[in-house]
Amino acid sequence: MNVYYLILGSNWDAREHLNQAVRKLLEWCEVSRLSNAFHSHSESNTNQADFLNLAVEIKTKFTLKEIKKRCRAIEGQMEVGPLQLDVALDIDIVYADPNVEKSVEYPLPAKKIDTTLHYIFPLADLIPDS
């Protein structure tokens, strides 16, 4: 099985949406570990509510392309927030173990993995030696 690291984020009913997302991940992969949740500011829009982010380590037999498809499906199952800037759920695949087959379509590690705070803090909590 391959190991991947995901970052989950929400700025609307965040705890509930993050919990729902983890439950949905469990339907098709092993969730090995979860980081603590961290608050972060929107990097693209200062008018957005703060986000709650966490890192998730998953183990699965699926390809990166299939994981991306399944994560998008989970995002699409979340209800839409009352405000245009509400984000019920965002899932980013940011890192994988070195044995994972490389993908030109979905390069890993994610761009800006070492400079994006909503990636850095949850990942450092989950895999502090990386």
# chains A, B, ... in the order shown; residues from 1 in each chain; ligands from 1
>>> residues_around(residues="Glu30 in chain A", least_positions_apart="5", cutoff="10 Å", atoms="only C-alpha atoms", output="VMD selection string")
chain A and resid 1 3 25 57 to 61
>>> write_last_selection(atoms="N, CA and C atoms", output="PDB file, in the first residue's frame")
ATOM      1  N   MET A   1       0.842  -1.191   0.000  1.00  0.00           N
ATOM      2  CA  MET A   1       0.000   0.000   0.000  1.00  0.00           C
ATOM      3  C   MET A   1       0.877   1.240   0.000  1.00  0.00           C
ATOM      4  N   VAL A   3       1.535   5.342   0.806  1.00  0.00           N
ATOM      5  CA  VAL A   3       1.219   6.321   1.841  1.00  0.00           C
ATOM      6  C   VAL A   3       1.169   7.711   1.213  1.00  0.00           C
ATOM      7  N   LEU A  25     -13.289   9.361   3.946  1.00  0.00           N
ATOM      8  CA  LEU A  25     -12.004   8.775   3.558  1.00  0.00           C
ATOM      9  C   LEU A  25     -11.925   7.319   4.008  1.00  0.00           C
ATOM     10  N   GLU A  57      -2.752  11.206   7.212  1.00  0.00           N
ATOM     11  CA  GLU A  57      -1.936  10.199   6.551  1.00  0.00           C
ATOM     12  C   GLU A  57      -2.855   9.063   6.147  1.00  0.00           C
ATOM     13  N   ILE A  58      -2.853   8.733   4.846  1.00  0.00           N
ATOM     14  CA  ILE A  58      -3.679   7.623   4.386  1.00  0.00           C
ATOM     15  C   ILE A  58      -2.803   6.547   3.741  1.00  0.00           C
ATOM     16  N   LYS A  59      -3.307   5.334   3.776  1.00  0.00           N
ATOM     17  CA  LYS A  59      -2.674   4.211   3.083  1.00  0.00           C
ATOM     18  C   LYS A  59      -3.723   3.622   2.148  1.00  0.00           C
ATOM     19  N   THR A  60      -3.318   3.408   0.900  1.00  0.00           N
ATOM     20  CA  THR A  60      -4.262   2.917  -0.094  1.00  0.00           C
ATOM     21  C   THR A  60      -3.539   2.244  -1.246  1.00  0.00           C
ATOM     22  N   LYS A  61      -4.247   1.436  -1.970  1.00  0.00           N
ATOM     23  CA  LYS A  61      -3.721   0.789  -3.167  1.00  0.00           C
ATOM     24  C   LYS A  61      -3.994   1.632  -4.410  1.00  0.00           C
TER      25      LYS A  61
END
>>> residues_around(residues="Glu66 in chain A", least_positions_apart="3", cutoff="12 Å", atoms="only C-alpha atoms", output="ChimeraX atom specification")
/A:28-29,60-63,69-73,93,103,106
>>> write_last_selection(atoms="C-alpha atoms", output="tab-separated table (two decimals), in the first residue's frame")
chain	number	residue	atom	x	y	z
A	28	TRP	CA	-12.01	3.65	0.70
A	29	CYS	CA	-8.64	3.95	2.44
A	60	THR	CA	-4.26	2.92	-0.09
A	61	LYS	CA	-3.72	0.79	-3.17
A	62	PHE	CA	-5.21	3.47	-5.42
A	63	THR	CA	-3.22	5.57	-7.87
A	69	LYS	CA	-10.92	11.79	-8.13
A	70	ARG	CA	-12.19	10.35	-4.85
A	71	CYS	CA	-11.16	13.46	-2.88
A	72	ARG	CA	-12.99	15.71	-5.37
A	73	ALA	CA	-16.06	13.51	-4.95
A	93	ILE	CA	-2.84	15.87	-1.72
A	103	SER	CA	2.87	11.69	-11.86
A	106	TYR	CA	-0.17	15.60	-10.17
>>> closest_atom_pairs(of="range 85-120 of chain A", to="range 36-48 of chain A", cutoff="10 Å", atoms="only C-alpha atoms", output="CSV")
residue,atom,partner,partner_atom,distance
A:Leu85,CA,A:Gln48,CA,5.8
A:Asp86,CA,A:Gln48,CA,7.2
A:Val87,CA,A:Gln48,CA,9.1
A:Thr116,CA,A:Glu43,CA,8.7
A:Leu117,CA,A:Ser40,CA,7.2
A:His118,CA,A:Ser40,CA,5.9
A:Tyr119,CA,A:Ser40,CA,9.7
>>> select_by_dssp(residues="range 34-130 of chain A", states="alpha helix (DSSP H)", output="list in words")
Leu64, Lys65, Glu66, Ile67, Lys68, Lys69, Arg70, Cys71, Arg72, Ala73, Ile74, Glu75, Gly76, Gln77, Leu117, His118, Tyr119, Ile120, Phe121, Pro122, Leu123, Ala124, Asp125 and Leu126 of chain A
>>> select_by_dssp(residues="range 30-129 of chain A", states="strand (DSSP E or B)", output="VMD selection string")
chain A and resid 30 to 34 38 to 40 51 to 60 90 to 96
>>> write_last_selection(atoms="N, CA, C and O atoms", output="short mmCIF file (atom, residue, chain, number, x, y, z; two decimals), in the first residue's frame")
data_model
loop_
_atom_site.label_atom_id
_atom_site.label_comp_id
_atom_site.auth_asym_id
_atom_site.auth_seq_id
_atom_site.Cartn_x
_atom_site.Cartn_y
_atom_site.Cartn_z
N GLU A 30 -7.26 3.47 4.33
CA GLU A 30 -6.92 3.42 5.75
C GLU A 30 -6.43 4.79 6.18
O GLU A 30 -5.51 5.33 5.57
N VAL A 31 -7.04 5.36 7.18
CA VAL A 31 -6.56 6.62 7.76
C VAL A 31 -5.64 6.24 8.90
O VAL A 31 -6.09 5.77 9.94
N SER A 32 -4.33 6.40 8.68
CA SER A 32 -3.33 5.95 9.64
C SER A 32 -3.17 6.91 10.81
O SER A 32 -3.06 6.48 11.95
N ARG A 33 -3.10 8.19 10.47
CA ARG A 33 -2.87 9.20 11.52
C ARG A 33 -3.52 10.51 11.12
O ARG A 33 -3.68 10.81 9.94
N LEU A 34 -3.84 11.30 12.14
CA LEU A 34 -4.39 12.65 11.97
C LEU A 34 -3.55 13.62 12.78
O LEU A 34 -3.15 13.30 13.90
N PHE A 38 -5.38 23.06 13.08
CA PHE A 38 -4.73 24.36 13.17
C PHE A 38 -5.56 25.41 12.44
O PHE A 38 -6.07 25.15 11.36
N HIS A 39 -5.64 26.59 13.04
CA HIS A 39 -6.32 27.72 12.39
C HIS A 39 -5.35 28.41 11.45
O HIS A 39 -4.16 28.53 11.74
N SER A 40 -5.88 28.87 10.32
CA SER A 40 -5.07 29.65 9.38
C SER A 40 -5.94 30.68 8.69
O SER A 40 -7.16 30.53 8.61
N PHE A 51 -9.65 29.49 8.40
CA PHE A 51 -9.80 28.07 8.11
C PHE A 51 -9.34 27.24 9.29
O PHE A 51 -8.51 27.67 10.09
N LEU A 52 -9.84 26.04 9.36
CA LEU A 52 -9.35 25.01 10.26
C LEU A 52 -8.76 23.93 9.35
O LEU A 52 -9.43 23.48 8.41
N ASN A 53 -7.49 23.60 9.57
CA ASN A 53 -6.79 22.64 8.72
C ASN A 53 -6.23 21.50 9.54
O ASN A 53 -5.84 21.68 10.68
N LEU A 54 -6.18 20.33 8.92
CA LEU A 54 -5.50 19.21 9.54
C LEU A 54 -4.87 18.35 8.46
O LEU A 54 -5.30 18.36 7.31
N ALA A 55 -3.81 17.65 8.84
CA ALA A 55 -3.13 16.71 7.95
C ALA A 55 -3.62 15.31 8.25
O ALA A 55 -3.89 14.96 9.39
N VAL A 56 -3.73 14.51 7.19
CA VAL A 56 -4.19 13.14 7.30
C VAL A 56 -3.22 12.24 6.54
O VAL A 56 -2.90 12.51 5.39
N GLU A 57 -2.75 11.21 7.21
CA GLU A 57 -1.94 10.20 6.55
C GLU A 57 -2.85 9.06 6.15
O GLU A 57 -3.57 8.52 7.00
N ILE A 58 -2.85 8.73 4.85
CA ILE A 58 -3.68 7.62 4.39
C ILE A 58 -2.80 6.55 3.74
O ILE A 58 -1.71 6.84 3.24
N LYS A 59 -3.31 5.33 3.78
CA LYS A 59 -2.67 4.21 3.08
C LYS A 59 -3.72 3.62 2.15
O LYS A 59 -4.86 3.37 2.57
N THR A 60 -3.32 3.41 0.90
CA THR A 60 -4.26 2.92 -0.09
C THR A 60 -3.54 2.24 -1.25
O THR A 60 -2.35 2.51 -1.48
N ASP A 90 -11.99 21.54 1.56
CA ASP A 90 -10.97 21.52 0.51
C ASP A 90 -9.98 20.42 0.90
O ASP A 90 -9.56 20.36 2.05
N ILE A 91 -9.66 19.55 -0.04
CA ILE A 91 -8.70 18.48 0.21
C ILE A 91 -7.56 18.62 -0.78
O ILE A 91 -7.78 18.62 -2.00
N ASP A 92 -6.35 18.75 -0.27
CA ASP A 92 -5.15 18.80 -1.11
C ASP A 92 -4.29 17.59 -0.82
O ASP A 92 -4.03 17.26 0.34
N ILE A 93 -3.83 16.94 -1.86
CA ILE A 93 -2.84 15.87 -1.72
C ILE A 93 -1.49 16.56 -1.82
O ILE A 93 -1.17 17.15 -2.85
N VAL A 94 -0.71 16.52 -0.75
CA VAL A 94 0.49 17.35 -0.71
C VAL A 94 1.81 16.58 -0.70
O VAL A 94 2.86 17.14 -1.00
N TYR A 95 1.75 15.30 -0.34
CA TYR A 95 3.01 14.57 -0.20
C TYR A 95 2.71 13.07 -0.27
O TYR A 95 1.59 12.64 0.01
N ALA A 96 3.71 12.31 -0.66
CA ALA A 96 3.57 10.84 -0.70
C ALA A 96 4.91 10.23 -0.33
O ALA A 96 5.96 10.88 -0.44
#
>>> residues_around(residues="range 14-21 of chain A", least_positions_apart="4", cutoff="7 Å", atoms="only C-alpha atoms", output="PyMOL selection string")
chain A and resi 8+10+25+52+74+88-89
>>> atom_distance(atom1="CA of Glu27 in chain A", atom2="CA of Gln77 in chain A")
13.8 Å
>>> atom_distance(atom1="CA of Val100 in chain A", atom2="CA of Leu126 in chain A")
19.1 Å
>>> decode(residues="range 37-55 of chain A", atoms="N, CA and C atoms", output="PDB file, in the first residue's frame")
ATOM      1  N   ALA A  37      -5.746  19.960  14.760  1.00  0.00           N
ATOM      2  CA  ALA A  37      -6.306  20.969  13.863  1.00  0.00           C
ATOM      3  C   ALA A  37      -5.639  22.315  14.137  1.00  0.00           C
ATOM      4  N   PHE A  38      -5.382  23.062  13.077  1.00  0.00           N
ATOM      5  CA  PHE A  38      -4.729  24.363  13.170  1.00  0.00           C
ATOM      6  C   PHE A  38      -5.555  25.409  12.444  1.00  0.00           C
ATOM      7  N   HIS A  39      -5.635  26.595  13.036  1.00  0.00           N
ATOM      8  CA  HIS A  39      -6.318  27.719  12.392  1.00  0.00           C
ATOM      9  C   HIS A  39      -5.347  28.408  11.447  1.00  0.00           C
ATOM     10  N   SER A  40      -5.878  28.873  10.322  1.00  0.00           N
ATOM     11  CA  SER A  40      -5.065  29.646   9.380  1.00  0.00           C
ATOM     12  C   SER A  40      -5.944  30.682   8.694  1.00  0.00           C
ATOM     13  N   HIS A  41      -5.300  31.723   8.209  1.00  0.00           N
ATOM     14  CA  HIS A  41      -5.991  32.775   7.463  1.00  0.00           C
ATOM     15  C   HIS A  41      -6.027  32.393   5.989  1.00  0.00           C
ATOM     16  N   SER A  42      -7.033  32.869   5.298  1.00  0.00           N
ATOM     17  CA  SER A  42      -7.091  32.662   3.860  1.00  0.00           C
ATOM     18  C   SER A  42      -5.889  33.353   3.221  1.00  0.00           C
ATOM     19  N   GLU A  43      -5.236  32.677   2.299  1.00  0.00           N
ATOM     20  CA  GLU A  43      -4.089  33.272   1.622  1.00  0.00           C
ATOM     21  C   GLU A  43      -4.506  34.086   0.409  1.00  0.00           C
ATOM     22  N   SER A  44      -5.731  33.868  -0.066  1.00  0.00           N
ATOM     23  CA  SER A  44      -6.146  34.542  -1.291  1.00  0.00           C
ATOM     24  C   SER A  44      -7.199  35.630  -1.082  1.00  0.00           C
ATOM     25  N   ASN A  45      -7.905  35.610   0.046  1.00  0.00           N
ATOM     26  CA  ASN A  45      -8.975  36.572   0.238  1.00  0.00           C
ATOM     27  C   ASN A  45      -9.080  36.935   1.717  1.00  0.00           C
ATOM     28  N   THR A  46      -8.766  38.172   2.036  1.00  0.00           N
ATOM     29  CA  THR A  46      -8.789  38.615   3.435  1.00  0.00           C
ATOM     30  C   THR A  46     -10.209  38.736   3.989  1.00  0.00           C
ATOM     31  N   ASN A  47     -11.214  38.673   3.131  1.00  0.00           N
ATOM     32  CA  ASN A  47     -12.600  38.759   3.587  1.00  0.00           C
ATOM     33  C   ASN A  47     -13.154  37.395   4.012  1.00  0.00           C
ATOM     34  N   GLN A  48     -12.406  36.332   3.770  1.00  0.00           N
ATOM     35  CA  GLN A  48     -12.872  35.000   4.150  1.00  0.00           C
ATOM     36  C   GLN A  48     -12.656  34.746   5.628  1.00  0.00           C
ATOM     37  N   ALA A  49     -13.523  33.921   6.193  1.00  0.00           N
ATOM     38  CA  ALA A  49     -13.341  33.480   7.574  1.00  0.00           C
ATOM     39  C   ALA A  49     -12.087  32.620   7.652  1.00  0.00           C
ATOM     40  N   ASP A  50     -11.501  32.545   8.849  1.00  0.00           N
ATOM     41  CA  ASP A  50     -10.323  31.695   9.038  1.00  0.00           C
ATOM     42  C   ASP A  50     -10.670  30.229   8.778  1.00  0.00           C
ATOM     43  N   PHE A  51      -9.655  29.494   8.397  1.00  0.00           N
ATOM     44  CA  PHE A  51      -9.804  28.073   8.106  1.00  0.00           C
ATOM     45  C   PHE A  51      -9.339  27.239   9.293  1.00  0.00           C
ATOM     46  N   LEU A  52      -9.841  26.039   9.362  1.00  0.00           N
ATOM     47  CA  LEU A  52      -9.345  25.014  10.262  1.00  0.00           C
ATOM     48  C   LEU A  52      -8.760  23.934   9.350  1.00  0.00           C
ATOM     49  N   ASN A  53      -7.489  23.599   9.573  1.00  0.00           N
ATOM     50  CA  ASN A  53      -6.785  22.642   8.717  1.00  0.00           C
ATOM     51  C   ASN A  53      -6.229  21.498   9.536  1.00  0.00           C
ATOM     52  N   LEU A  54      -6.185  20.331   8.919  1.00  0.00           N
ATOM     53  CA  LEU A  54      -5.503  19.206   9.542  1.00  0.00           C
ATOM     54  C   LEU A  54      -4.869  18.349   8.460  1.00  0.00           C
ATOM     55  N   ALA A  55      -3.811  17.647   8.843  1.00  0.00           N
ATOM     56  CA  ALA A  55      -3.129  16.714   7.948  1.00  0.00           C
ATOM     57  C   ALA A  55      -3.622  15.309   8.247  1.00  0.00           C
TER      58      ALA A  55
END
